[in-house]
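Text of target.cif, listed as mmCIF, N, CA and C atoms:
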data_work
loop_
_atom_site.label_atom_id
_atom_site.label_comp_id
_atom_site.auth_asym_id
_atom_site.auth_seq_id
_atom_site.Cartn_x
_atom_site.Cartn_y
_atom_site.Cartn_z
N MET A 1 -10.54 2.59 -4.04
CA MET A 1 -9.17 2.17 -3.78
C MET A 1 -8.99 2.12 -2.27
N ARG A 2 -8.41 1.06 -1.83
CA ARG A 2 -8.22 0.86 -0.39
C ARG A 2 -6.76 0.52 -0.13
N LEU A 3 -6.20 1.17 0.90
CA LEU A 3 -4.82 0.90 1.31
C LEU A 3 -4.78 0.47 2.76
N VAL A 4 -3.92 -0.49 3.04
CA VAL A 4 -3.53 -0.81 4.41
C VAL A 4 -2.07 -0.41 4.49
N ILE A 5 -1.77 0.54 5.36
CA ILE A 5 -0.44 1.13 5.46
C ILE A 5 0.17 0.73 6.80
N GLN A 6 1.36 0.15 6.74
CA GLN A 6 2.03 -0.25 7.97
C GLN A 6 3.39 0.42 8.03
N ARG A 7 3.64 1.08 9.16
CA ARG A 7 4.97 1.66 9.39
C ARG A 7 5.89 0.52 9.78
N VAL A 8 7.01 0.39 9.07
CA VAL A 8 7.90 -0.75 9.28
C VAL A 8 9.34 -0.30 9.49
N THR A 9 10.10 -1.17 10.18
CA THR A 9 11.55 -0.96 10.24
C THR A 9 12.22 -1.65 9.07
N LYS A 10 11.52 -2.71 8.55
CA LYS A 10 11.96 -3.38 7.33
C LYS A 10 10.83 -4.24 6.82
N ALA A 11 10.85 -4.50 5.51
CA ALA A 11 9.83 -5.36 4.90
C ALA A 11 10.39 -5.91 3.60
N SER A 12 9.84 -7.08 3.20
CA SER A 12 10.25 -7.68 1.94
C SER A 12 9.11 -8.51 1.38
N VAL A 13 9.21 -8.79 0.09
CA VAL A 13 8.23 -9.65 -0.58
C VAL A 13 8.99 -10.63 -1.46
N SER A 14 8.55 -11.89 -1.39
CA SER A 14 9.15 -12.96 -2.19
C SER A 14 8.08 -13.62 -3.05
N VAL A 15 8.52 -14.08 -4.22
CA VAL A 15 7.67 -14.84 -5.14
C VAL A 15 8.45 -16.10 -5.49
N GLU A 16 7.80 -17.25 -5.28
CA GLU A 16 8.45 -18.55 -5.54
C GLU A 16 9.80 -18.64 -4.82
N ASP A 17 9.80 -18.26 -3.56
CA ASP A 17 10.98 -18.33 -2.69
C ASP A 17 12.15 -17.46 -3.14
N LYS A 18 11.89 -16.50 -4.04
CA LYS A 18 12.92 -15.55 -4.47
C LYS A 18 12.51 -14.16 -4.03
N LYS A 19 13.39 -13.50 -3.30
CA LYS A 19 13.09 -12.15 -2.84
C LYS A 19 12.99 -11.22 -4.03
N ARG A 20 11.85 -10.55 -4.14
CA ARG A 20 11.61 -9.63 -5.26
C ARG A 20 11.97 -8.20 -4.89
N SER A 21 11.59 -7.79 -3.67
CA SER A 21 11.86 -6.42 -3.20
C SER A 21 12.04 -6.44 -1.70
N GLU A 22 12.84 -5.51 -1.23
CA GLU A 22 12.95 -5.30 0.22
C GLU A 22 13.26 -3.85 0.49
N ILE A 23 12.78 -3.39 1.63
CA ILE A 23 13.01 -2.00 2.03
C ILE A 23 13.50 -1.95 3.48
N GLY A 24 14.06 -0.81 3.82
CA GLY A 24 14.39 -0.53 5.21
C GLY A 24 13.21 0.20 5.85
N ALA A 25 13.50 1.11 6.74
CA ALA A 25 12.45 1.84 7.45
C ALA A 25 11.58 2.62 6.47
N GLY A 26 10.27 2.53 6.68
CA GLY A 26 9.35 3.23 5.80
C GLY A 26 7.96 2.67 5.91
N LEU A 27 7.31 2.48 4.75
CA LEU A 27 5.92 2.05 4.71
C LEU A 27 5.74 0.81 3.83
N LEU A 28 5.06 -0.18 4.38
CA LEU A 28 4.56 -1.30 3.59
C LEU A 28 3.12 -0.98 3.29
N VAL A 29 2.77 -0.97 2.00
CA VAL A 29 1.43 -0.58 1.56
C VAL A 29 0.78 -1.73 0.81
N LEU A 30 -0.35 -2.22 1.33
CA LEU A 30 -1.17 -3.19 0.63
C LEU A 30 -2.24 -2.40 -0.10
N ALA A 31 -2.37 -2.60 -1.40
CA ALA A 31 -3.26 -1.78 -2.22
C ALA A 31 -4.29 -2.65 -2.95
N GLY A 32 -5.57 -2.30 -2.76
CA GLY A 32 -6.66 -2.99 -3.46
C GLY A 32 -7.45 -2.01 -4.29
N PHE A 33 -7.89 -2.45 -5.46
CA PHE A 33 -8.58 -1.58 -6.41
C PHE A 33 -9.97 -2.10 -6.73
N GLU A 34 -10.87 -1.15 -6.99
CA GLU A 34 -12.25 -1.44 -7.40
C GLU A 34 -12.41 -1.00 -8.86
N PRO A 35 -13.42 -1.54 -9.56
CA PRO A 35 -13.62 -1.14 -10.96
C PRO A 35 -13.85 0.36 -11.14
N ALA A 36 -14.44 1.03 -10.16
CA ALA A 36 -14.74 2.46 -10.29
C ALA A 36 -13.55 3.37 -9.99
N ASP A 37 -12.42 2.81 -9.57
CA ASP A 37 -11.25 3.63 -9.25
C ASP A 37 -10.70 4.28 -10.51
N ASN A 38 -10.10 5.48 -10.32
CA ASN A 38 -9.61 6.24 -11.47
C ASN A 38 -8.42 7.10 -11.06
N ASP A 39 -8.00 7.98 -11.95
CA ASP A 39 -6.84 8.84 -11.70
C ASP A 39 -7.06 9.75 -10.50
N GLU A 40 -8.29 10.16 -10.25
CA GLU A 40 -8.58 11.00 -9.09
C GLU A 40 -8.29 10.24 -7.79
N ASP A 41 -8.67 8.97 -7.74
CA ASP A 41 -8.39 8.16 -6.55
C ASP A 41 -6.88 8.01 -6.35
N ILE A 42 -6.16 7.79 -7.44
CA ILE A 42 -4.71 7.63 -7.34
C ILE A 42 -4.07 8.92 -6.85
N ALA A 43 -4.47 10.06 -7.37
CA ALA A 43 -3.92 11.35 -6.95
C ALA A 43 -4.21 11.61 -5.47
N TRP A 44 -5.44 11.34 -5.04
CA TRP A 44 -5.81 11.57 -3.64
C TRP A 44 -5.02 10.65 -2.72
N MET A 45 -4.93 9.38 -3.09
CA MET A 45 -4.19 8.41 -2.27
C MET A 45 -2.70 8.72 -2.22
N THR A 46 -2.14 9.15 -3.35
CA THR A 46 -0.72 9.49 -3.37
C THR A 46 -0.43 10.63 -2.40
N LYS A 47 -1.21 11.68 -2.49
CA LYS A 47 -1.02 12.82 -1.59
C LYS A 47 -1.19 12.41 -0.13
N LYS A 48 -2.21 11.63 0.14
CA LYS A 48 -2.49 11.20 1.52
C LYS A 48 -1.36 10.33 2.05
N LEU A 49 -0.94 9.35 1.25
CA LEU A 49 0.11 8.42 1.69
C LEU A 49 1.43 9.14 1.95
N LEU A 50 1.86 9.97 1.01
CA LEU A 50 3.15 10.63 1.14
C LEU A 50 3.20 11.66 2.26
N ASN A 51 2.05 12.20 2.63
CA ASN A 51 2.02 13.24 3.66
C ASN A 51 1.46 12.78 5.00
N LEU A 52 1.12 11.49 5.10
CA LEU A 52 0.58 10.94 6.34
C LEU A 52 1.64 11.01 7.44
N ARG A 53 1.34 11.73 8.50
CA ARG A 53 2.32 11.96 9.57
C ARG A 53 2.24 10.85 10.61
N ILE A 54 2.97 9.76 10.34
CA ILE A 54 2.95 8.62 11.26
C ILE A 54 4.35 8.21 11.71
N PHE A 55 5.33 9.09 11.50
CA PHE A 55 6.68 8.84 11.99
C PHE A 55 6.97 9.84 13.11
N ASP A 56 7.69 9.37 14.11
CA ASP A 56 7.96 10.19 15.30
C ASP A 56 8.92 11.34 15.00
N ASP A 57 8.63 12.48 15.65
CA ASP A 57 9.57 13.60 15.62
C ASP A 57 10.52 13.46 16.81
N GLU A 58 11.32 14.48 17.07
CA GLU A 58 12.31 14.42 18.15
C GLU A 58 11.68 14.31 19.53
N ASN A 59 10.39 14.60 19.64
CA ASN A 59 9.68 14.50 20.92
C ASN A 59 8.86 13.21 21.04
N GLY A 60 9.01 12.31 20.08
CA GLY A 60 8.28 11.05 20.12
C GLY A 60 6.82 11.18 19.71
N VAL A 61 6.48 12.28 19.02
CA VAL A 61 5.11 12.51 18.56
C VAL A 61 5.05 12.18 17.07
N MET A 62 4.01 11.46 16.65
CA MET A 62 3.87 11.14 15.23
C MET A 62 3.54 12.43 14.47
N ASN A 63 4.58 13.04 13.93
CA ASN A 63 4.45 14.35 13.32
C ASN A 63 5.25 14.46 12.01
N ARG A 64 5.80 13.34 11.54
CA ARG A 64 6.60 13.35 10.32
C ARG A 64 6.05 12.35 9.31
N SER A 65 6.19 12.70 8.04
CA SER A 65 5.73 11.84 6.94
C SER A 65 6.90 11.00 6.42
N VAL A 66 6.59 10.08 5.53
CA VAL A 66 7.63 9.28 4.89
C VAL A 66 8.57 10.18 4.09
N LEU A 67 8.04 11.27 3.55
CA LEU A 67 8.88 12.25 2.85
C LEU A 67 9.85 12.92 3.82
N ASP A 68 9.34 13.29 5.00
CA ASP A 68 10.15 13.99 6.00
C ASP A 68 11.32 13.13 6.49
N VAL A 69 11.08 11.83 6.63
CA VAL A 69 12.11 10.95 7.18
C VAL A 69 12.95 10.26 6.11
N GLY A 70 12.63 10.50 4.84
CA GLY A 70 13.37 9.85 3.75
C GLY A 70 13.17 8.35 3.73
N GLY A 71 11.98 7.90 4.13
CA GLY A 71 11.70 6.47 4.22
C GLY A 71 11.46 5.81 2.88
N ASP A 72 11.48 4.49 2.91
CA ASP A 72 11.22 3.67 1.74
C ASP A 72 9.75 3.29 1.69
N VAL A 73 9.31 2.82 0.52
CA VAL A 73 7.93 2.35 0.35
C VAL A 73 7.95 1.04 -0.44
N LEU A 74 7.17 0.08 0.04
CA LEU A 74 6.95 -1.19 -0.65
C LEU A 74 5.45 -1.32 -0.87
N ILE A 75 5.03 -1.46 -2.14
CA ILE A 75 3.61 -1.53 -2.48
C ILE A 75 3.29 -2.92 -3.02
N ILE A 76 2.31 -3.56 -2.40
CA ILE A 76 1.89 -4.91 -2.77
C ILE A 76 0.42 -4.85 -3.18
N SER A 77 0.07 -5.40 -4.34
CA SER A 77 -1.33 -5.47 -4.75
C SER A 77 -2.03 -6.56 -3.94
N GLN A 78 -3.25 -6.28 -3.50
CA GLN A 78 -3.98 -7.26 -2.69
C GLN A 78 -5.48 -7.10 -2.90
N PHE A 79 -6.01 -7.91 -3.82
CA PHE A 79 -7.44 -7.82 -4.14
C PHE A 79 -8.32 -8.19 -2.95
N THR A 80 -7.81 -8.96 -2.00
CA THR A 80 -8.62 -9.39 -0.86
C THR A 80 -9.02 -8.23 0.05
N LEU A 81 -8.45 -7.06 -0.14
CA LEU A 81 -8.85 -5.89 0.67
C LEU A 81 -10.30 -5.50 0.39
N HIS A 82 -10.84 -5.96 -0.73
CA HIS A 82 -12.23 -5.66 -1.07
C HIS A 82 -13.16 -6.85 -0.85
N ALA A 83 -12.74 -7.75 0.03
CA ALA A 83 -13.57 -8.92 0.33
C ALA A 83 -14.87 -8.50 1.00
N ARG A 84 -15.95 -9.17 0.62
CA ARG A 84 -17.25 -8.98 1.27
C ARG A 84 -17.52 -10.24 2.07
N THR A 85 -17.88 -10.05 3.34
CA THR A 85 -18.09 -11.19 4.23
C THR A 85 -19.48 -11.21 4.84
N LYS A 86 -20.39 -10.44 4.30
CA LYS A 86 -21.72 -10.31 4.86
C LYS A 86 -22.51 -11.62 4.81
N LYS A 87 -22.38 -12.33 3.71
CA LYS A 87 -23.18 -13.53 3.50
C LYS A 87 -22.28 -14.77 3.54
N GLY A 88 -22.60 -15.70 4.42
CA GLY A 88 -21.85 -16.95 4.50
C GLY A 88 -20.46 -16.76 5.08
N ASN A 89 -19.64 -17.79 4.92
CA ASN A 89 -18.30 -17.78 5.50
C ASN A 89 -17.18 -17.69 4.47
N ARG A 90 -17.52 -17.79 3.19
CA ARG A 90 -16.51 -17.65 2.16
C ARG A 90 -16.58 -16.23 1.63
N PRO A 91 -15.47 -15.48 1.72
CA PRO A 91 -15.49 -14.11 1.23
C PRO A 91 -15.79 -14.04 -0.27
N SER A 92 -16.48 -12.99 -0.65
CA SER A 92 -16.74 -12.70 -2.05
C SER A 92 -15.83 -11.55 -2.48
N TYR A 93 -15.31 -11.66 -3.67
CA TYR A 93 -14.40 -10.63 -4.17
C TYR A 93 -14.98 -9.88 -5.36
N VAL A 94 -16.30 -9.83 -5.45
CA VAL A 94 -16.95 -9.17 -6.58
C VAL A 94 -16.67 -7.68 -6.63
N ASN A 95 -16.29 -7.07 -5.51
CA ASN A 95 -15.99 -5.64 -5.50
C ASN A 95 -14.56 -5.33 -5.96
N ALA A 96 -13.72 -6.34 -6.06
CA ALA A 96 -12.34 -6.12 -6.49
C ALA A 96 -12.29 -5.97 -8.02
N ALA A 97 -11.45 -5.07 -8.47
CA ALA A 97 -11.30 -4.85 -9.91
C ALA A 97 -10.64 -6.07 -10.55
N PRO A 98 -11.11 -6.47 -11.73
CA PRO A 98 -10.45 -7.55 -12.45
C PRO A 98 -9.07 -7.08 -12.93
N PRO A 99 -8.19 -8.02 -13.25
CA PRO A 99 -6.82 -7.65 -13.65
C PRO A 99 -6.72 -6.61 -14.76
N ASP A 100 -7.60 -6.66 -15.77
CA ASP A 100 -7.48 -5.72 -16.88
C ASP A 100 -7.72 -4.27 -16.43
N ILE A 101 -8.40 -4.09 -15.32
CA ILE A 101 -8.60 -2.75 -14.74
C ILE A 101 -7.56 -2.49 -13.65
N ALA A 102 -7.34 -3.48 -12.79
CA ALA A 102 -6.49 -3.30 -11.62
C ALA A 102 -5.01 -3.11 -11.96
N ILE A 103 -4.51 -3.84 -12.96
CA ILE A 103 -3.08 -3.74 -13.28
C ILE A 103 -2.69 -2.32 -13.70
N PRO A 104 -3.40 -1.69 -14.64
CA PRO A 104 -3.03 -0.31 -14.98
C PRO A 104 -3.15 0.65 -13.79
N LEU A 105 -4.16 0.46 -12.94
CA LEU A 105 -4.30 1.31 -11.76
C LEU A 105 -3.13 1.12 -10.81
N TYR A 106 -2.75 -0.13 -10.58
CA TYR A 106 -1.61 -0.44 -9.72
C TYR A 106 -0.34 0.20 -10.26
N GLU A 107 -0.11 0.04 -11.55
CA GLU A 107 1.10 0.60 -12.16
C GLU A 107 1.12 2.13 -12.08
N LYS A 108 -0.03 2.76 -12.29
CA LYS A 108 -0.12 4.22 -12.17
C LYS A 108 0.13 4.66 -10.74
N PHE A 109 -0.41 3.91 -9.78
CA PHE A 109 -0.21 4.25 -8.37
C PHE A 109 1.27 4.14 -7.99
N VAL A 110 1.91 3.05 -8.38
CA VAL A 110 3.34 2.88 -8.09
C VAL A 110 4.14 4.03 -8.69
N SER A 111 3.86 4.37 -9.95
CA SER A 111 4.56 5.46 -10.62
C SER A 111 4.32 6.80 -9.92
N SER A 112 3.08 7.03 -9.50
CA SER A 112 2.74 8.27 -8.81
C SER A 112 3.49 8.39 -7.48
N ILE A 113 3.59 7.30 -6.75
CA ILE A 113 4.33 7.31 -5.48
C ILE A 113 5.82 7.53 -5.75
N GLU A 114 6.36 6.87 -6.76
CA GLU A 114 7.77 7.07 -7.10
C GLU A 114 8.05 8.52 -7.46
N ASN A 115 7.18 9.14 -8.24
CA ASN A 115 7.36 10.54 -8.62
C ASN A 115 7.31 11.44 -7.40
N GLY A 116 6.36 11.21 -6.51
CA GLY A 116 6.24 12.04 -5.32
C GLY A 116 7.34 11.81 -4.31
N LEU A 117 7.81 10.58 -4.22
CA LEU A 117 8.85 10.22 -3.26
C LEU A 117 10.23 10.59 -3.78
N GLY A 118 10.37 10.63 -5.10
CA GLY A 118 11.66 10.96 -5.70
C GLY A 118 12.62 9.79 -5.73
N LYS A 119 12.10 8.59 -5.58
CA LYS A 119 12.94 7.40 -5.68
C LYS A 119 12.07 6.19 -5.98
N GLU A 120 12.74 5.11 -6.39
CA GLU A 120 12.05 3.88 -6.73
C GLU A 120 11.41 3.27 -5.49
N VAL A 121 10.25 2.67 -5.67
CA VAL A 121 9.61 1.94 -4.58
C VAL A 121 9.68 0.44 -4.89
N GLY A 122 9.62 -0.36 -3.84
CA GLY A 122 9.58 -1.80 -4.01
C GLY A 122 8.18 -2.23 -4.40
N THR A 123 8.08 -3.34 -5.12
CA THR A 123 6.77 -3.86 -5.50
C THR A 123 6.77 -5.37 -5.41
N GLY A 124 5.56 -5.90 -5.35
CA GLY A 124 5.38 -7.33 -5.49
C GLY A 124 5.16 -7.64 -6.95
N GLU A 125 4.58 -8.80 -7.22
CA GLU A 125 4.26 -9.19 -8.59
C GLU A 125 2.75 -9.36 -8.67
N PHE A 126 2.11 -8.53 -9.46
CA PHE A 126 0.66 -8.53 -9.53
C PHE A 126 0.14 -9.93 -9.88
N GLY A 127 -0.81 -10.41 -9.09
CA GLY A 127 -1.46 -11.69 -9.34
C GLY A 127 -0.68 -12.91 -8.88
N ALA A 128 0.54 -12.72 -8.41
CA ALA A 128 1.36 -13.85 -7.97
C ALA A 128 1.04 -14.22 -6.52
N TYR A 129 1.35 -15.45 -6.18
CA TYR A 129 1.29 -15.88 -4.79
C TYR A 129 2.57 -15.37 -4.14
N MET A 130 2.43 -14.51 -3.13
CA MET A 130 3.59 -13.84 -2.54
C MET A 130 3.68 -14.12 -1.05
N GLN A 131 4.89 -14.05 -0.55
CA GLN A 131 5.13 -14.08 0.88
C GLN A 131 5.68 -12.71 1.27
N VAL A 132 5.00 -12.08 2.21
CA VAL A 132 5.38 -10.74 2.66
C VAL A 132 5.88 -10.84 4.09
N GLU A 133 7.06 -10.31 4.33
CA GLU A 133 7.62 -10.27 5.68
C GLU A 133 7.78 -8.82 6.09
N LEU A 134 7.49 -8.54 7.35
CA LEU A 134 7.64 -7.18 7.83
C LEU A 134 7.88 -7.15 9.33
N VAL A 135 8.50 -6.07 9.75
CA VAL A 135 8.58 -5.75 11.17
C VAL A 135 7.80 -4.46 11.33
N ASN A 136 6.57 -4.59 11.87
CA ASN A 136 5.70 -3.44 12.06
C ASN A 136 6.25 -2.62 13.21
N ASP A 137 6.49 -1.35 12.97
CA ASP A 137 7.12 -0.45 13.92
C ASP A 137 6.05 0.29 14.71
N GLY A 138 5.87 -0.06 15.95
CA GLY A 138 4.89 0.62 16.81
C GLY A 138 4.07 -0.32 17.66
N PRO A 139 3.18 -1.08 17.12
CA PRO A 139 2.78 -1.20 15.72
C PRO A 139 1.92 -0.01 15.28
N VAL A 140 2.09 0.37 14.03
CA VAL A 140 1.28 1.42 13.42
C VAL A 140 0.69 0.85 12.13
N THR A 141 -0.63 0.77 12.06
CA THR A 141 -1.34 0.29 10.88
C THR A 141 -2.53 1.21 10.63
N ILE A 142 -2.62 1.75 9.42
CA ILE A 142 -3.67 2.69 9.05
C ILE A 142 -4.38 2.15 7.81
N ILE A 143 -5.71 2.24 7.80
CA ILE A 143 -6.50 1.83 6.63
C ILE A 143 -7.14 3.08 6.03
N ILE A 144 -6.97 3.26 4.72
CA ILE A 144 -7.52 4.42 4.02
C ILE A 144 -8.32 3.95 2.82
N ASP A 145 -9.49 4.55 2.62
CA ASP A 145 -10.34 4.23 1.49
C ASP A 145 -10.63 5.51 0.72
N SER A 146 -10.30 5.53 -0.57
CA SER A 146 -10.47 6.75 -1.36
C SER A 146 -11.94 7.11 -1.60
N LYS A 147 -12.81 6.15 -1.56
CA LYS A 147 -14.24 6.46 -1.80
C LYS A 147 -14.86 7.11 -0.57
N ARG A 148 -14.38 6.76 0.60
CA ARG A 148 -14.89 7.36 1.84
C ARG A 148 -14.06 8.57 2.26
N LYS A 149 -12.92 8.76 1.59
CA LYS A 149 -11.98 9.84 1.94
C LYS A 149 -11.59 9.75 3.41
N GLU A 150 -11.34 8.52 3.85
CA GLU A 150 -10.87 8.31 5.23
C GLU A 150 -10.00 7.08 5.30
#

Turn this file's structure into structure tokens for me.
Amino acid sequence: MRLVIQRVTKASVSVEDKKRSEIGAGLLVLAGFEPADNDEDIAWMTKKLLNLRIFDDENGVMNRSVLDVGGDVLIISQFTLHARTKKGNRPSYVNAAPPDIAIPLYEKFVSSIENGLGKEVGTGEFGAYMQVELVNDGPVTIIIDSKRKE
């Protein structure tokens, strides 16, 4: 499981020119899944994401989590996070989980974040062509992979 996490002042996702979700200050999370991902990956990623200290404290030091600041979360599925580019110029997506595996993992991850955050999170539409808008705050962008635990 791989996440690209961006600290934002606001973010939204649209499908077919209709806004599906939008958030204020918080985290925009792009989430990609592999066939080997499981509940352990979701639990590890949930804990890491909710406790990641990337929001400024009163001294301007990144020392607060999304939980600490009461921030929002928007989670977008993105199979291209598992693109392989070693051979040729067209990315291969063989490492990305197919929908029958990825959709349940995505739904479990969203539910796990909602439970830990104590509120609903925004989502995109799995498998849809989406337009994502964001204002990256900082900019702060973090990439986490559950298989490497980094």

query: Counting all atoms listed in the file, what is within 7 Å of region 28-42 of chain A, bar same-chain residues fewer than 2 positions away, as a PyMOL selection string?
result: chain A and resi 1-8+11+26+44-47+72-82+95-98+101-102+108-109+146-147

From a DSSP calculation on the backbone, collect every residue of region 32-129 of chain A in strand (DSSP E) and output the set as a PDB file with N, CA and C atoms, keeping the file's coordinate frame.
ATOM      1  N   GLY A  32      -5.570  -2.300  -2.760  1.00  0.00           N
ATOM      2  CA  GLY A  32      -6.660  -2.990  -3.460  1.00  0.00           C
ATOM      3  C   GLY A  32      -7.450  -2.010  -4.290  1.00  0.00           C
ATOM      4  N   PHE A  55       5.330   9.090  11.500  1.00  0.00           N
ATOM      5  CA  PHE A  55       6.680   8.840  11.990  1.00  0.00           C
ATOM      6  C   PHE A  55       6.970   9.840  13.110  1.00  0.00           C
ATOM      7  N   ASP A  56       7.690   9.370  14.110  1.00  0.00           N
ATOM      8  CA  ASP A  56       7.960  10.190  15.300  1.00  0.00           C
ATOM      9  C   ASP A  56       8.920  11.340  15.000  1.00  0.00           C
ATOM     10  N   MET A  62       4.010  11.460  16.650  1.00  0.00           N
ATOM     11  CA  MET A  62       3.870  11.140  15.230  1.00  0.00           C
ATOM     12  C   MET A  62       3.540  12.430  14.470  1.00  0.00           C
ATOM     13  N   ASN A  63       4.580  13.040  13.930  1.00  0.00           N
ATOM     14  CA  ASN A  63       4.450  14.350  13.320  1.00  0.00           C
ATOM     15  C   ASN A  63       5.250  14.460  12.010  1.00  0.00           C
ATOM     16  N   ARG A  64       5.800  13.340  11.540  1.00  0.00           N
ATOM     17  CA  ARG A  64       6.600  13.350  10.320  1.00  0.00           C
ATOM     18  C   ARG A  64       6.050  12.350   9.310  1.00  0.00           C
ATOM     19  N   ASP A  72      11.480   4.490   2.910  1.00  0.00           N
ATOM     20  CA  ASP A  72      11.220   3.670   1.740  1.00  0.00           C
ATOM     21  C   ASP A  72       9.750   3.290   1.690  1.00  0.00           C
ATOM     22  N   VAL A  73       9.310   2.820   0.520  1.00  0.00           N
ATOM     23  CA  VAL A  73       7.930   2.350   0.350  1.00  0.00           C
ATOM     24  C   VAL A  73       7.950   1.040  -0.440  1.00  0.00           C
ATOM     25  N   LEU A  74       7.170   0.080   0.040  1.00  0.00           N
ATOM     26  CA  LEU A  74       6.950  -1.190  -0.650  1.00  0.00           C
ATOM     27  C   LEU A  74       5.450  -1.320  -0.870  1.00  0.00           C
ATOM     28  N   ILE A  75       5.030  -1.460  -2.140  1.00  0.00           N
ATOM     29  CA  ILE A  75       3.610  -1.530  -2.480  1.00  0.00           C
ATOM     30  C   ILE A  75       3.290  -2.920  -3.020  1.00  0.00           C
ATOM     31  N   ILE A  76       2.310  -3.560  -2.400  1.00  0.00           N
ATOM     32  CA  ILE A  76       1.890  -4.910  -2.770  1.00  0.00           C
ATOM     33  C   ILE A  76       0.420  -4.850  -3.180  1.00  0.00           C
ATOM     34  N   SER A  77       0.070  -5.400  -4.340  1.00  0.00           N
ATOM     35  CA  SER A  77      -1.330  -5.470  -4.750  1.00  0.00           C
ATOM     36  C   SER A  77      -2.030  -6.560  -3.940  1.00  0.00           C
ATOM     37  N   GLY A 122       9.620  -0.360  -3.840  1.00  0.00           N
ATOM     38  CA  GLY A 122       9.580  -1.800  -4.010  1.00  0.00           C
ATOM     39  C   GLY A 122       8.180  -2.230  -4.400  1.00  0.00           C
ATOM     40  N   THR A 123       8.080  -3.340  -5.120  1.00  0.00           N
ATOM     41  CA  THR A 123       6.770  -3.860  -5.500  1.00  0.00           C
ATOM     42  C   THR A 123       6.770  -5.370  -5.410  1.00  0.00           C
TER      43      THR A 123
END

message: What does the structure give for the distance between CA of Tyr129 (chain A) and atom C of Ser14 (chain A), in Å to one decimal?
response: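 Computing it gives 7.4 Å between the two atoms.
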
field: Minimum-distance residue to Ile143 (chain A), chosen among A:Leu49, A:Lys19, A:Glu107, A:Gly24 (using only C-alpha atoms)
entry: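 Once distances to Ile143 (chain A) are computed over only C-alpha atoms, the minimum belongs to A:Leu49.
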
- prompt: From the set A:Ile54, A:Val94, A:Val61, A:Val110, which residue has the shortest atom-to-atom contact distance to Gly124 (chain A), counting only C-alpha atoms?
  reply: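 Looking only at the distances to Gly124 (chain A), the closest residue turns out to be A:Val110.
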
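For the pair CA of Asn51 (chain A) and CA of Glu150 (chain A), the separation is 13.9 Å.
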
field: Which of region 21-71 of chain A fall in helix (DSSP H, G or I), as number ranges by chain
entry: A: 39-51, 66-69

Within 8 Å of Arg53 (chain A), counting only C-alpha atoms, which residues show up once you throw out same-chain ones fewer than 5 positions away? Write them as an mmCIF file with N, CA and C atoms, in the frame of the given file, please.
data_model
loop_
_atom_site.group_PDB
_atom_site.id
_atom_site.type_symbol
_atom_site.label_atom_id
_atom_site.label_comp_id
_atom_site.auth_asym_id
_atom_site.auth_seq_id
_atom_site.Cartn_x
_atom_site.Cartn_y
_atom_site.Cartn_z
ATOM 1 N N MET A 62 4.010 11.460 16.650
ATOM 2 C CA MET A 62 3.870 11.140 15.230
ATOM 3 C C MET A 62 3.540 12.430 14.470
ATOM 4 N N ASN A 63 4.580 13.040 13.930
ATOM 5 C CA ASN A 63 4.450 14.350 13.320
ATOM 6 C C ASN A 63 5.250 14.460 12.010
ATOM 7 N N ARG A 64 5.800 13.340 11.540
ATOM 8 C CA ARG A 64 6.600 13.350 10.320
ATOM 9 C C ARG A 64 6.050 12.350 9.310
ATOM 10 N N SER A 65 6.190 12.700 8.040
ATOM 11 C CA SER A 65 5.730 11.840 6.940
ATOM 12 C C SER A 65 6.900 11.000 6.420
ATOM 13 N N VAL A 66 6.590 10.080 5.530
ATOM 14 C CA VAL A 66 7.630 9.280 4.890
ATOM 15 C C VAL A 66 8.570 10.180 4.090
#

query: Can you tell me how far CA of Asp17 (chain A) sits from atom N of Met130 (chain A), in Å to one decimal?
result: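 Rounded to one decimal, the two atoms are 9.4 Å apart.
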
Listed atoms of region 1-10 of chain A, axis-aligned box, 5 Å per side: centre and edge lengths to one decimal in Å, as JSON?
{"center_x": 0.8, "center_y": -0.8, "center_z": 3.1, "size_x": 32.8, "size_y": 16.8, "size_z": 24.3}

- request: Tell me which protein, DNA and RNA residues are within 7 Å of Lys10 (chain A), counting all atoms listed in the file, leaving out same-chain ones fewer than 3 positions away, and put them as a list in words.
  value: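 Returned residues: Arg7, Glu22, Ile23, Gly24, Ala25, Gly26, Glu133, Leu134, Val135, Asn136 and Asp137 of chain A.
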